[in-house]
$ cat data13.cif   # mmCIF, C-alpha atoms and all ligand atoms
data_data
loop_
_atom_site.group_PDB
_atom_site.id
_atom_site.type_symbol
_atom_site.label_atom_id
_atom_site.label_comp_id
_atom_site.auth_asym_id
_atom_site.auth_seq_id
_atom_site.Cartn_x
_atom_site.Cartn_y
_atom_site.Cartn_z
ATOM 1 C CA MET A 1 15.654 -15.417 -1.448
ATOM 2 C CA PRO A 2 19.456 -15.220 -1.710
ATOM 3 C CA ASP A 3 21.118 -18.595 -1.032
ATOM 4 C CA THR A 4 24.514 -17.488 0.281
ATOM 5 C CA ALA A 5 23.791 -14.170 2.004
ATOM 6 C CA ALA A 6 23.437 -13.841 5.781
ATOM 7 C CA HIS A 7 20.222 -12.388 7.124
ATOM 8 C CA VAL A 8 20.900 -9.036 8.822
ATOM 9 C CA ALA A 9 17.500 -7.585 9.731
ATOM 10 C CA SER A 10 13.764 -7.881 9.201
ATOM 11 C CA GLY A 11 11.412 -4.980 8.720
ATOM 12 C CA LYS A 12 7.631 -5.323 8.731
ATOM 13 C CA VAL A 13 7.530 -5.935 5.000
ATOM 14 C CA ARG A 14 11.212 -6.119 3.981
ATOM 15 C CA GLU A 15 14.298 -8.197 4.658
ATOM 16 C CA LEU A 16 17.956 -7.211 4.671
ATOM 17 C CA TYR A 17 20.875 -9.556 3.882
ATOM 18 C CA ALA A 18 24.652 -9.108 3.837
ATOM 19 C CA LEU A 19 26.313 -9.877 0.486
ATOM 20 C CA ASP A 20 29.865 -8.924 1.558
ATOM 21 C CA HIS A 21 31.571 -6.266 3.672
ATOM 22 C CA GLU A 22 30.668 -3.486 1.268
ATOM 23 C CA SER A 23 27.219 -4.476 0.087
ATOM 24 C CA LEU A 24 23.766 -5.526 1.222
ATOM 25 C CA LEU A 25 20.690 -7.010 -0.402
ATOM 26 C CA LEU A 26 17.407 -5.265 0.352
ATOM 27 C CA VAL A 27 14.412 -7.488 -0.432
ATOM 28 C CA ALA A 28 10.878 -6.121 -0.637
ATOM 29 C CA THR A 29 8.333 -8.836 0.168
ATOM 30 C CA ASP A 30 4.669 -8.864 -0.883
ATOM 31 C CA ARG A 31 3.550 -8.354 2.719
ATOM 32 C CA ILE A 32 1.272 -5.393 3.423
ATOM 33 C CA SER A 33 0.745 -3.567 6.682
ATOM 34 C CA THR A 34 -2.273 -1.501 7.571
ATOM 35 C CA PHE A 35 -3.090 0.263 10.832
ATOM 36 C CA ASP A 36 0.475 -0.765 11.843
ATOM 37 C CA VAL A 37 -0.278 -4.498 11.579
ATOM 38 C CA VAL A 38 1.136 -6.844 8.933
ATOM 39 C CA LEU A 39 -1.781 -8.720 7.373
ATOM 40 C CA PRO A 40 -1.696 -12.507 6.825
ATOM 41 C CA THR A 41 -2.555 -12.077 3.121
ATOM 42 C CA VAL A 42 0.115 -10.979 0.635
ATOM 43 C CA ILE A 43 -0.418 -8.660 -2.354
ATOM 44 C CA PRO A 44 1.203 -10.365 -5.359
ATOM 45 C CA ASP A 45 3.920 -8.200 -6.983
ATOM 46 C CA LYS A 46 3.793 -5.482 -4.300
ATOM 47 C CA GLY A 47 7.481 -6.008 -3.510
ATOM 48 C CA ARG A 48 8.409 -5.740 -7.167
ATOM 49 C CA VAL A 49 6.355 -2.573 -7.676
ATOM 50 C CA LEU A 50 8.013 -0.881 -4.692
ATOM 51 C CA THR A 51 11.507 -2.017 -5.673
ATOM 52 C CA GLY A 52 10.991 -0.814 -9.242
ATOM 53 C CA LEU A 53 9.603 2.547 -8.147
ATOM 54 C CA SER A 54 12.407 3.137 -5.689
ATOM 55 C CA ALA A 55 15.034 2.283 -8.311
ATOM 56 C CA PHE A 56 13.255 4.553 -10.812
ATOM 57 C CA TRP A 57 13.582 7.479 -8.380
ATOM 58 C CA PHE A 58 17.203 6.617 -7.519
ATOM 59 C CA ALA A 59 18.103 6.753 -11.212
ATOM 60 C CA ARG A 60 16.402 10.138 -11.619
ATOM 61 C CA THR A 61 17.643 11.863 -8.471
ATOM 62 C CA SER A 62 21.326 10.880 -8.327
ATOM 63 C CA SER A 63 22.335 14.412 -9.348
ATOM 64 C CA ILE A 64 20.352 15.787 -6.390
ATOM 65 C CA CYS A 65 21.853 13.277 -3.953
ATOM 66 C CA PRO A 66 23.962 10.138 -4.477
ATOM 67 C CA ASN A 67 22.235 6.901 -3.410
ATOM 68 C CA HIS A 68 23.118 3.387 -2.288
ATOM 69 C CA LEU A 69 21.801 1.560 -5.371
ATOM 70 C CA ILE A 70 24.322 -0.780 -6.999
ATOM 71 C CA GLY A 71 21.889 -2.805 -9.057
ATOM 72 C CA LEU A 72 18.583 -4.617 -9.333
ATOM 73 C CA ARG A 73 18.396 -8.400 -9.217
ATOM 74 C CA PRO A 74 16.526 -10.143 -12.068
ATOM 75 C CA ASP A 75 13.712 -11.066 -9.620
ATOM 76 C CA GLY A 76 12.751 -7.360 -9.568
ATOM 77 C CA ARG A 77 12.245 -7.335 -5.795
ATOM 78 C CA SER A 78 15.862 -7.280 -4.605
ATOM 79 C CA THR A 79 18.214 -4.311 -4.598
ATOM 80 C CA GLU A 80 21.982 -4.677 -4.228
ATOM 81 C CA CYS A 81 23.163 -1.655 -2.314
ATOM 82 C CA ARG A 82 26.271 -0.099 -0.797
ATOM 83 C CA ARG A 83 26.698 -0.655 2.909
ATOM 84 C CA LEU A 84 26.690 2.673 4.731
ATOM 85 C CA GLU A 85 26.920 4.033 8.258
ATOM 86 C CA MET A 86 23.231 4.825 8.731
ATOM 87 C CA LEU A 87 22.211 8.066 10.445
ATOM 88 C CA PRO A 88 19.811 7.543 13.390
ATOM 89 C CA LEU A 89 17.245 9.945 11.957
ATOM 90 C CA GLU A 90 14.104 9.569 9.863
ATOM 91 C CA CYS A 91 14.169 12.475 7.431
ATOM 92 C CA VAL A 92 10.520 13.338 6.844
ATOM 93 C CA VAL A 93 9.369 16.035 4.425
ATOM 94 C CA ARG A 94 5.763 17.205 4.481
ATOM 95 C CA GLY A 95 4.108 19.183 1.722
ATOM 96 C CA TYR A 96 0.601 18.627 3.167
ATOM 97 C CA LEU A 97 -0.872 18.331 6.659
ATOM 98 C CA ALA A 98 -1.625 14.712 7.483
ATOM 99 C CA GLY A 99 -1.038 12.119 10.175
ATOM 100 C CA SER A 100 1.065 13.232 13.137
ATOM 101 C CA GLY A 101 1.721 16.596 11.412
ATOM 102 C CA TRP A 102 -1.992 17.392 11.428
ATOM 103 C CA LYS A 103 -2.303 16.241 15.059
ATOM 104 C CA ASP A 104 0.667 18.383 16.166
ATOM 105 C CA TYR A 105 -0.710 21.396 14.260
ATOM 106 C CA CYS A 106 -4.117 21.057 15.963
ATOM 107 C CA ARG A 107 -2.483 21.058 19.414
ATOM 108 C CA THR A 108 0.296 23.618 18.892
ATOM 109 C CA SER A 109 -0.075 25.447 15.525
ATOM 110 C CA ALA A 110 3.382 24.063 14.748
ATOM 111 C CA VAL A 111 5.021 20.886 13.425
ATOM 112 C CA CYS A 112 8.530 20.014 14.624
ATOM 113 C CA GLY A 113 9.258 23.658 15.443
ATOM 114 C CA HIS A 114 7.815 25.035 12.162
ATOM 115 C CA ARG A 115 5.138 27.643 13.056
ATOM 116 C CA LEU A 116 2.348 27.359 10.522
ATOM 117 C CA PRO A 117 -0.321 29.873 9.513
ATOM 118 C CA PRO A 118 -3.720 29.632 11.243
ATOM 119 C CA GLY A 119 -6.744 28.139 9.511
ATOM 120 C CA LEU A 120 -5.100 25.180 7.772
ATOM 121 C CA LEU A 121 -7.363 22.167 7.268
ATOM 122 C CA GLU A 122 -6.587 18.487 7.517
ATOM 123 C CA SER A 123 -4.730 17.587 4.258
ATOM 124 C CA SER A 124 -4.146 21.270 3.332
ATOM 125 C CA SER A 125 -1.025 21.934 1.323
ATOM 126 C CA LEU A 126 1.617 23.851 3.292
ATOM 127 C CA PRO A 127 2.919 27.261 2.181
ATOM 128 C CA GLN A 128 6.165 25.384 1.471
ATOM 129 C CA PRO A 129 7.362 21.842 2.244
ATOM 130 C CA ILE A 130 8.843 21.433 5.719
ATOM 131 C CA PHE A 131 11.547 19.111 7.039
ATOM 132 C CA THR A 132 10.203 17.289 10.120
ATOM 133 C CA PRO A 133 12.740 14.735 11.355
ATOM 134 C CA SER A 134 11.762 11.915 13.682
ATOM 135 C CA THR A 135 13.429 9.137 15.602
ATOM 136 C CA LYS A 136 12.497 5.554 16.267
ATOM 137 C CA ALA A 137 11.208 5.760 19.835
ATOM 138 C CA ALA A 138 11.517 2.809 22.228
ATOM 139 C CA SER A 139 7.843 2.034 21.559
ATOM 140 C CA GLY A 140 8.779 1.298 17.934
ATOM 141 C CA HIS A 141 6.754 4.320 16.870
ATOM 142 C CA ASP A 142 8.361 7.358 15.288
ATOM 143 C CA GLU A 143 8.604 10.429 17.474
ATOM 144 C CA ASN A 144 8.733 13.885 15.915
ATOM 145 C CA ILE A 145 11.668 15.993 17.100
ATOM 146 C CA ASP A 146 12.706 19.596 16.514
ATOM 147 C CA ARG A 147 15.861 20.853 14.824
ATOM 148 C CA ALA A 148 17.834 21.178 18.065
ATOM 149 C CA GLN A 149 17.126 17.552 19.019
ATOM 150 C CA ALA A 150 18.036 16.403 15.514
ATOM 151 C CA ALA A 151 21.340 18.344 15.701
ATOM 152 C CA GLU A 152 22.155 16.611 18.989
ATOM 153 C CA LEU A 153 21.763 13.262 17.233
ATOM 154 C CA ILE A 154 23.830 13.801 14.071
ATOM 155 C CA GLY A 155 25.509 17.216 14.420
ATOM 156 C CA GLU A 156 24.671 20.581 12.888
ATOM 157 C CA GLU A 157 26.649 20.081 9.657
ATOM 158 C CA GLN A 158 25.267 16.631 8.869
ATOM 159 C CA LEU A 159 21.770 17.881 9.690
ATOM 160 C CA ALA A 160 22.066 20.797 7.274
ATOM 161 C CA GLY A 161 23.151 18.309 4.580
ATOM 162 C CA VAL A 162 20.286 15.863 5.015
ATOM 163 C CA GLU A 163 17.750 18.676 5.343
ATOM 164 C CA ARG A 164 18.840 20.220 2.028
ATOM 165 C CA ALA A 165 18.903 16.813 0.298
ATOM 166 C CA SER A 166 15.484 15.835 1.704
ATOM 167 C CA LEU A 167 13.788 19.069 0.624
ATOM 168 C CA ASP A 168 15.369 18.937 -2.848
ATOM 169 C CA LEU A 169 14.454 15.262 -3.377
ATOM 170 C CA TYR A 170 10.881 15.831 -2.234
ATOM 171 C CA GLY A 171 10.516 18.970 -4.355
ATOM 172 C CA PHE A 172 11.611 17.118 -7.481
ATOM 173 C CA ALA A 173 9.500 14.012 -6.876
ATOM 174 C CA ALA A 174 6.337 15.803 -5.711
ATOM 175 C CA ALA A 175 6.298 18.022 -8.817
ATOM 176 C CA TYR A 176 6.945 15.023 -11.077
ATOM 177 C CA ALA A 177 4.230 12.892 -9.454
ATOM 178 C CA ARG A 178 1.630 15.683 -9.416
ATOM 179 C CA GLU A 179 1.859 15.978 -13.198
ATOM 180 C CA ARG A 180 1.002 12.266 -13.307
ATOM 181 C CA GLY A 181 -2.013 12.543 -11.015
ATOM 182 C CA ILE A 182 -0.418 11.511 -7.729
ATOM 183 C CA VAL A 183 0.001 13.794 -4.717
ATOM 184 C CA ILE A 184 3.012 12.834 -2.593
ATOM 185 C CA ALA A 185 1.728 14.373 0.621
ATOM 186 C CA ASP A 186 4.812 13.501 2.644
ATOM 187 C CA THR A 187 7.727 11.115 2.556
ATOM 188 C CA LYS A 188 10.446 9.642 4.702
ATOM 189 C CA PHE A 189 14.091 9.357 3.637
ATOM 190 C CA GLU A 190 16.898 7.498 5.338
ATOM 191 C CA PHE A 191 20.490 8.527 4.752
ATOM 192 C CA GLY A 192 23.851 6.993 5.489
ATOM 193 C CA ILE A 193 27.468 8.116 5.273
ATOM 194 C CA ASP A 194 29.867 6.411 2.867
ATOM 195 C CA GLY A 195 33.611 5.728 3.273
ATOM 196 C CA GLU A 196 34.419 9.217 1.984
ATOM 197 C CA GLY A 197 32.098 10.915 4.472
ATOM 198 C CA ARG A 198 29.465 11.753 1.890
ATOM 199 C CA ILE A 199 25.712 11.789 2.598
ATOM 200 C CA VAL A 200 24.067 8.985 0.598
ATOM 201 C CA LEU A 201 20.342 8.279 0.175
ATOM 202 C CA ALA A 202 19.545 4.717 1.326
ATOM 203 C CA ASP A 203 16.654 2.377 2.059
ATOM 204 C CA GLU A 204 13.658 2.632 -0.290
ATOM 205 C CA ALA A 205 12.680 6.075 -1.495
ATOM 206 C CA LEU A 206 9.478 7.738 -2.659
ATOM 207 C CA THR A 207 7.367 4.572 -2.624
ATOM 208 C CA PRO A 208 3.800 4.358 -1.311
ATOM 209 C CA ASP A 209 5.172 2.518 1.778
ATOM 210 C CA SER A 210 7.577 5.347 2.656
ATOM 211 C CA SER A 211 5.195 8.145 1.620
ATOM 212 C CA ARG A 212 1.540 9.137 1.531
ATOM 213 C CA PHE A 213 0.355 8.854 -2.084
ATOM 214 C CA TRP A 214 -3.047 10.436 -2.765
ATOM 215 C CA PRO A 215 -5.005 10.368 -6.035
ATOM 216 C CA LEU A 216 -4.973 13.983 -7.267
ATOM 217 C CA ASP A 217 -8.441 13.766 -8.840
ATOM 218 C CA GLU A 218 -9.986 12.970 -5.427
ATOM 219 C CA TYR A 219 -7.950 15.510 -3.448
ATOM 220 C CA ARG A 220 -10.252 17.573 -1.170
ATOM 221 C CA PRO A 221 -8.676 19.322 1.823
ATOM 222 C CA GLY A 222 -10.797 19.370 5.006
ATOM 223 C CA GLY A 223 -10.542 15.700 5.957
ATOM 224 C CA PRO A 224 -8.422 12.590 5.544
ATOM 225 C CA GLN A 225 -7.619 11.582 1.952
ATOM 226 C CA PRO A 226 -7.984 8.103 0.451
ATOM 227 C CA SER A 227 -4.663 6.308 0.134
ATOM 228 C CA PHE A 228 -3.703 5.661 -3.505
ATOM 229 C CA ASP A 229 -2.656 2.086 -2.755
ATOM 230 C CA LYS A 230 -4.075 0.848 0.549
ATOM 231 C CA GLN A 231 -7.595 2.269 0.590
ATOM 232 C CA PHE A 232 -9.342 -0.963 -0.504
ATOM 233 C CA ALA A 233 -7.580 -2.924 2.236
ATOM 234 C CA ARG A 234 -8.310 -0.250 4.853
ATOM 235 C CA ASP A 235 -11.972 0.017 3.856
ATOM 236 C CA TYR A 236 -12.326 -3.755 4.100
ATOM 237 C CA CYS A 237 -10.702 -3.775 7.555
ATOM 238 C CA GLU A 238 -13.121 -1.051 8.731
ATOM 239 C CA ARG A 239 -16.145 -2.737 7.129
ATOM 240 C CA ILE A 240 -15.642 -6.022 9.000
ATOM 241 C CA GLY A 241 -15.141 -4.183 12.295
ATOM 242 C CA TRP A 242 -11.582 -5.441 12.949
ATOM 243 C CA ASP A 243 -10.294 -4.041 16.282
ATOM 244 C CA LYS A 244 -6.870 -3.253 14.701
ATOM 245 C CA GLN A 245 -5.087 -5.581 17.109
ATOM 246 C CA GLU A 246 -2.962 -8.573 16.033
ATOM 247 C CA PRO A 247 -3.690 -10.724 14.169
ATOM 248 C CA GLY A 248 -5.014 -8.815 11.161
ATOM 249 C CA PRO A 249 -7.779 -10.287 9.010
ATOM 250 C CA ASP A 250 -7.280 -12.284 5.813
ATOM 251 C CA LEU A 251 -8.161 -10.199 2.752
ATOM 252 C CA PRO A 252 -10.681 -11.611 0.257
ATOM 253 C CA ALA A 253 -9.589 -12.119 -3.354
ATOM 254 C CA ASP A 254 -11.344 -9.017 -4.736
ATOM 255 C CA VAL A 255 -9.634 -6.769 -2.163
ATOM 256 C CA VAL A 256 -6.260 -8.372 -2.963
ATOM 257 C CA GLU A 257 -6.820 -7.875 -6.697
ATOM 258 C CA GLY A 258 -8.031 -4.283 -6.282
ATOM 259 C CA THR A 259 -5.054 -3.442 -4.091
ATOM 260 C CA ARG A 260 -2.575 -5.066 -6.486
ATOM 261 C CA ALA A 261 -4.119 -3.094 -9.368
ATOM 262 C CA ARG A 262 -3.550 0.189 -7.480
ATOM 263 C CA TYR A 263 0.136 -0.591 -6.901
ATOM 264 C CA VAL A 264 0.572 -1.463 -10.570
ATOM 265 C CA GLU A 265 -1.354 1.707 -11.515
ATOM 266 C CA ALA A 266 0.978 3.881 -9.417
ATOM 267 C CA PHE A 267 3.981 2.189 -11.053
ATOM 268 C CA GLY A 268 2.618 2.853 -14.539
ATOM 269 C CA ARG A 269 1.630 6.460 -13.883
ATOM 270 C CA LEU A 270 4.964 7.409 -12.316
ATOM 271 C CA THR A 271 7.381 5.483 -14.512
ATOM 272 C CA GLY A 272 5.411 5.666 -17.771
ATOM 273 C CA LEU A 273 6.281 1.972 -18.188
ATOM 274 C CA ALA A 274 4.156 -1.151 -18.447
ATOM 275 C CA PHE A 275 4.673 -3.241 -15.314
ATOM 276 C CA GLU A 276 5.074 -6.385 -17.496
ATOM 277 C CA ASP A 277 8.107 -4.763 -19.133
ATOM 278 C CA TYR A 278 9.632 -4.338 -15.666
ATOM 279 C CA ILE A 279 8.964 -8.025 -14.881
ATOM 280 C CA ASP A 280 10.694 -9.008 -18.142
ATOM 281 C CA ASP A 281 13.702 -6.796 -17.433
ATOM 282 C CA PRO A 282 13.894 -4.751 -14.205
ATOM 283 C CA GLY A 283 16.647 -2.635 -15.745
ATOM 284 C CA VAL A 284 14.018 -0.698 -17.744
ATOM 285 C CA VAL A 285 13.425 1.639 -14.773
ATOM 286 C CA LEU A 286 17.064 2.730 -14.769
ATOM 287 C CA ARG A 287 17.208 3.944 -18.367
HETATM 288 C C1 LIG B 1 20.147 -0.457 6.654
HETATM 289 N N1 LIG B 1 18.083 -0.650 7.411
HETATM 290 C C2 LIG B 1 16.637 -0.606 7.551
HETATM 291 C C3 LIG B 1 15.599 -1.979 5.755
HETATM 292 C C4 LIG B 1 15.278 -4.131 7.378
HETATM 293 C C5 LIG B 1 15.865 -2.965 7.867
HETATM 294 N N2 LIG B 1 22.703 0.878 2.591
HETATM 295 C C6 LIG B 1 22.598 0.492 3.895
HETATM 296 N N3 LIG B 1 23.743 0.334 4.610
HETATM 297 C C7 LIG B 1 23.689 -0.047 5.877
HETATM 298 N N4 LIG B 1 22.550 -0.305 6.503
HETATM 299 C C8 LIG B 1 21.357 -0.171 5.884
HETATM 300 C C9 LIG B 1 21.351 0.237 4.526
HETATM 301 C C10 LIG B 1 20.133 0.404 3.775
HETATM 302 N N5 LIG B 1 19.167 0.522 3.200
HETATM 303 C C11 LIG B 1 18.834 -0.227 6.379
HETATM 304 N N6 LIG B 1 18.866 -1.143 8.351
HETATM 305 C C12 LIG B 1 20.131 -1.026 7.910
HETATM 306 C C13 LIG B 1 16.030 -1.882 7.052
HETATM 307 C C14 LIG B 1 15.015 -3.143 5.283
HETATM 308 C C15 LIG B 1 14.841 -4.225 6.102
HETATM 309 F F1 LIG B 1 15.143 -5.190 8.156
#
$ encode --input "data13.cif" --output "structure tokens"
Amino acid sequence: MPDTAAHVASGKVRELYALDHESLLLVATDRISTFDVVLPTVIPDKGRVLTGLSAFWFARTSSICPNHLIGLRPDGRSTECRRLEMLPLECVVRGYLAGSGWKDYCRTSAVCGHRLPPGLLESSSLPQPIFTPSTKAASGHDENIDRAQAAELIGEEQLAGVERASLDLYGFAAAYARERGIVIADTKFEFGIDGEGRIVLADEALTPDSSRFWPLDEYRPGGPQPSFDKQFARDYCERIGWDKQEPGPDLPADVVEGTRARYVEAFGRLTGLAFEDYIDDPGVVLR
């Protein structure tokens, strides 16, 4: 934890601190949430895996869209980043039909105003990736909105910018990950505006917490897919009959170890690096 920085905000599994007027410190903890509840048991190194992955993607996508990354702290879980004016929009891209996208399609044959062909199955790949923005509703849950509603929030010009950036970022990362055996079914980006009025990618990007990662070798459309990272924890929660209300259950050691191994596996597959080398020097993901 930083010793001089002021705490700004807490997310379910992350903390945000102010370093100075221009910069923030984003800290990824080892907390894990499943079925929307933060569990009492931590997954060792989860925060470092997610921080390293996000920084890896930032380094490889800066020509597609500039990002807020200033640097990684030696602890490997903290990112120094530029302070931006955040846009009040969750920029979701979906390449496959899952979650609320699948539910909306079943009811309306469309997702966020995108008409889709008939006959798609749960987890089917879409003819092309679609931009499906959402907002943080009062309930705390994200609410899908259409293009017109999104334009009301941030303006037509800004919307066109974040839509283009989101689709390009997803296209690059999904193709890259697929070659390494991971399907990025969908992902959520958050953007801000810098002092010069430019659109800048912020938050964490293209991690298993901000995306659905599926193992390619088990991909079978026609039902829900196992999560690359959280499936052990979810299966355990189902097996013990937890009602999915607070508080969540403690995870036993074998579930913790299996889950940690999946995070480390995703890190290795995507970055091509040994996780121990990241622990020794987080800068390895930026080169
Ligand atoms: C910012 N969040 C969400 C993340 C939390 C909350 N570069 C930035 N500039 C200004 N604000 C933000 C960022 C970023 N990233 C992000 N809220 C504000 C968030 C993590 C933990 F509690």
$ resolve_selection --input "data13.cif" --expression "the PyMOL selection byres (((not hetatm)) within 7 of (chain B and resi 1))" --output "PyMOL selection string"
chain A and resi 8-11+14-16+24+26+68+81-86+192+202-204
$ residues_around --input "data13.cif" --residues "stretch 206-215 of chain A" --least-positions-apart "4" --cutoff "8 Å" --atoms "all atoms listed in the file" --output "VMD selection string"
chain A and resid 50 53 to 54 57 173 181 to 189 219 225 to 229
$ resolve_selection --input "data13.cif" --expression "the PyMOL selection byres (((chain A and resi 99) around 12) and not hetatm)" --output "list of chain:residue names"
A:Arg94, A:Tyr96, A:Leu97, A:Ala98, A:Ser100, A:Gly101, A:Trp102, A:Lys103, A:Asp104, A:Tyr105, A:Cys106, A:Val111, A:Glu122, A:Ser123, A:Ser124, A:Asp142, A:Asn144, A:Ala185, A:Asp186, A:Thr187, A:Ser211, A:Arg212, A:Gly223, A:Pro224, A:Gln225
$ closest_residue --input "data13.cif" --among "A:Lys46, A:Arg198, A:Arg220, A:Arg60" --to "A:Ala261" --atoms "all atoms listed in the file"
A:Lys46
$ residues_around --input "data13.cif" --residues "A:Phe58" --least-positions-apart "2" --cutoff "8 Å" --atoms "all atoms listed in the file" --output "count of residues only"
9
$ atom_distance --input "data13.cif" --atom1 "atom CA of A:Ala18" --atom2 "atom CA of A:Val93"
29.4 Å
$ resolve_selection --input "data13.cif" --expression "the PyMOL selection byres (((chain A and resi 31-34) around 8) and not hetatm)" --output "ChimeraX atom specification"
/A:12-13,29-30,35-43,46-47,230,233-234
$ closest_residue --input "data13.cif" --among "A:Ala59, A:Phe131, A:Glu246, A:Arg269" --to "A:Gly71" --atoms "all atoms listed in the file"
A:Ala59
$ decode --input "data13.cif" --residues "stretch 191-206 of chain A" --atoms "N, CA, C and O atoms" --output "mmCIF file, in the first residue's frame"
data_model
loop_
_atom_site.group_PDB
_atom_site.id
_atom_site.type_symbol
_atom_site.label_atom_id
_atom_site.label_comp_id
_atom_site.auth_asym_id
_atom_site.auth_seq_id
_atom_site.Cartn_x
_atom_site.Cartn_y
_atom_site.Cartn_z
ATOM 1 N N PHE A 191 -12.689 4.799 -20.867
ATOM 2 C CA PHE A 191 -11.867 5.850 -21.450
ATOM 3 C C PHE A 191 -12.029 7.143 -20.664
ATOM 4 O O PHE A 191 -13.053 7.378 -20.023
ATOM 5 N N GLY A 192 -10.980 7.971 -20.773
ATOM 6 C CA GLY A 192 -11.040 9.315 -20.220
ATOM 7 C C GLY A 192 -10.513 10.287 -21.260
ATOM 8 O O GLY A 192 -10.026 9.883 -22.321
ATOM 9 N N ILE A 193 -10.606 11.578 -20.931
ATOM 10 C CA ILE A 193 -10.138 12.634 -21.821
ATOM 11 C C ILE A 193 -8.976 13.336 -21.123
ATOM 12 O O ILE A 193 -9.072 13.677 -19.945
ATOM 13 N N ASP A 194 -7.871 13.515 -21.855
ATOM 14 C CA ASP A 194 -6.714 14.179 -21.236
ATOM 15 C C ASP A 194 -6.791 15.699 -21.419
ATOM 16 O O ASP A 194 -7.754 16.218 -22.002
ATOM 17 N N GLY A 195 -5.776 16.413 -20.922
ATOM 18 C CA GLY A 195 -5.751 17.874 -20.960
ATOM 19 C C GLY A 195 -5.822 18.448 -22.358
ATOM 20 O O GLY A 195 -6.228 19.595 -22.548
ATOM 21 N N GLU A 196 -5.432 17.654 -23.350
ATOM 22 C CA GLU A 196 -5.479 18.117 -24.749
ATOM 23 C C GLU A 196 -6.758 17.679 -25.468
ATOM 24 O O GLU A 196 -6.881 17.832 -26.677
ATOM 25 N N GLY A 197 -7.685 17.083 -24.709
ATOM 26 C CA GLY A 197 -8.951 16.671 -25.313
ATOM 27 C C GLY A 197 -8.899 15.336 -26.034
ATOM 28 O O GLY A 197 -9.841 14.966 -26.733
ATOM 29 N N ARG A 198 -7.799 14.613 -25.851
ATOM 30 C CA ARG A 198 -7.679 13.322 -26.526
ATOM 31 C C ARG A 198 -8.355 12.195 -25.732
ATOM 32 O O ARG A 198 -8.340 12.213 -24.494
ATOM 33 N N ILE A 199 -8.866 11.211 -26.462
ATOM 34 C CA ILE A 199 -9.438 9.999 -25.858
ATOM 35 C C ILE A 199 -8.292 9.095 -25.424
ATOM 36 O O ILE A 199 -7.410 8.768 -26.228
ATOM 37 N N VAL A 200 -8.303 8.698 -24.143
ATOM 38 C CA VAL A 200 -7.222 7.883 -23.583
ATOM 39 C C VAL A 200 -7.824 6.653 -22.898
ATOM 40 O O VAL A 200 -8.767 6.769 -22.103
ATOM 41 N N LEU A 201 -7.271 5.488 -23.192
ATOM 42 C CA LEU A 201 -7.716 4.243 -22.551
ATOM 43 C C LEU A 201 -7.249 4.238 -21.095
ATOM 44 O O LEU A 201 -6.074 4.488 -20.812
ATOM 45 N N ALA A 202 -8.158 3.920 -20.169
ATOM 46 C CA ALA A 202 -7.838 3.967 -18.736
ATOM 47 C C ALA A 202 -8.178 2.638 -18.070
ATOM 48 O O ALA A 202 -8.400 1.624 -18.736
ATOM 49 N N ASP A 203 -8.195 2.680 -16.742
ATOM 50 C CA ASP A 203 -8.598 1.539 -15.926
ATOM 51 C C ASP A 203 -7.694 0.338 -16.201
ATOM 52 O O ASP A 203 -6.525 0.513 -16.532
ATOM 53 N N GLU A 204 -8.197 -0.873 -16.056
ATOM 54 C CA GLU A 204 -7.455 -2.060 -16.471
ATOM 55 C C GLU A 204 -8.042 -2.466 -17.814
ATOM 56 O O GLU A 204 -9.188 -2.131 -18.102
ATOM 57 N N ALA A 205 -7.274 -3.144 -18.625
ATOM 58 C CA ALA A 205 -7.771 -3.479 -19.956
ATOM 59 C C ALA A 205 -7.436 -4.917 -20.308
ATOM 60 O O ALA A 205 -6.308 -5.382 -20.073
ATOM 61 N N LEU A 206 -8.434 -5.611 -20.866
ATOM 62 C CA LEU A 206 -8.209 -6.932 -21.454
ATOM 63 C C LEU A 206 -7.673 -7.943 -20.448
ATOM 64 O O LEU A 206 -6.863 -8.806 -20.776
#
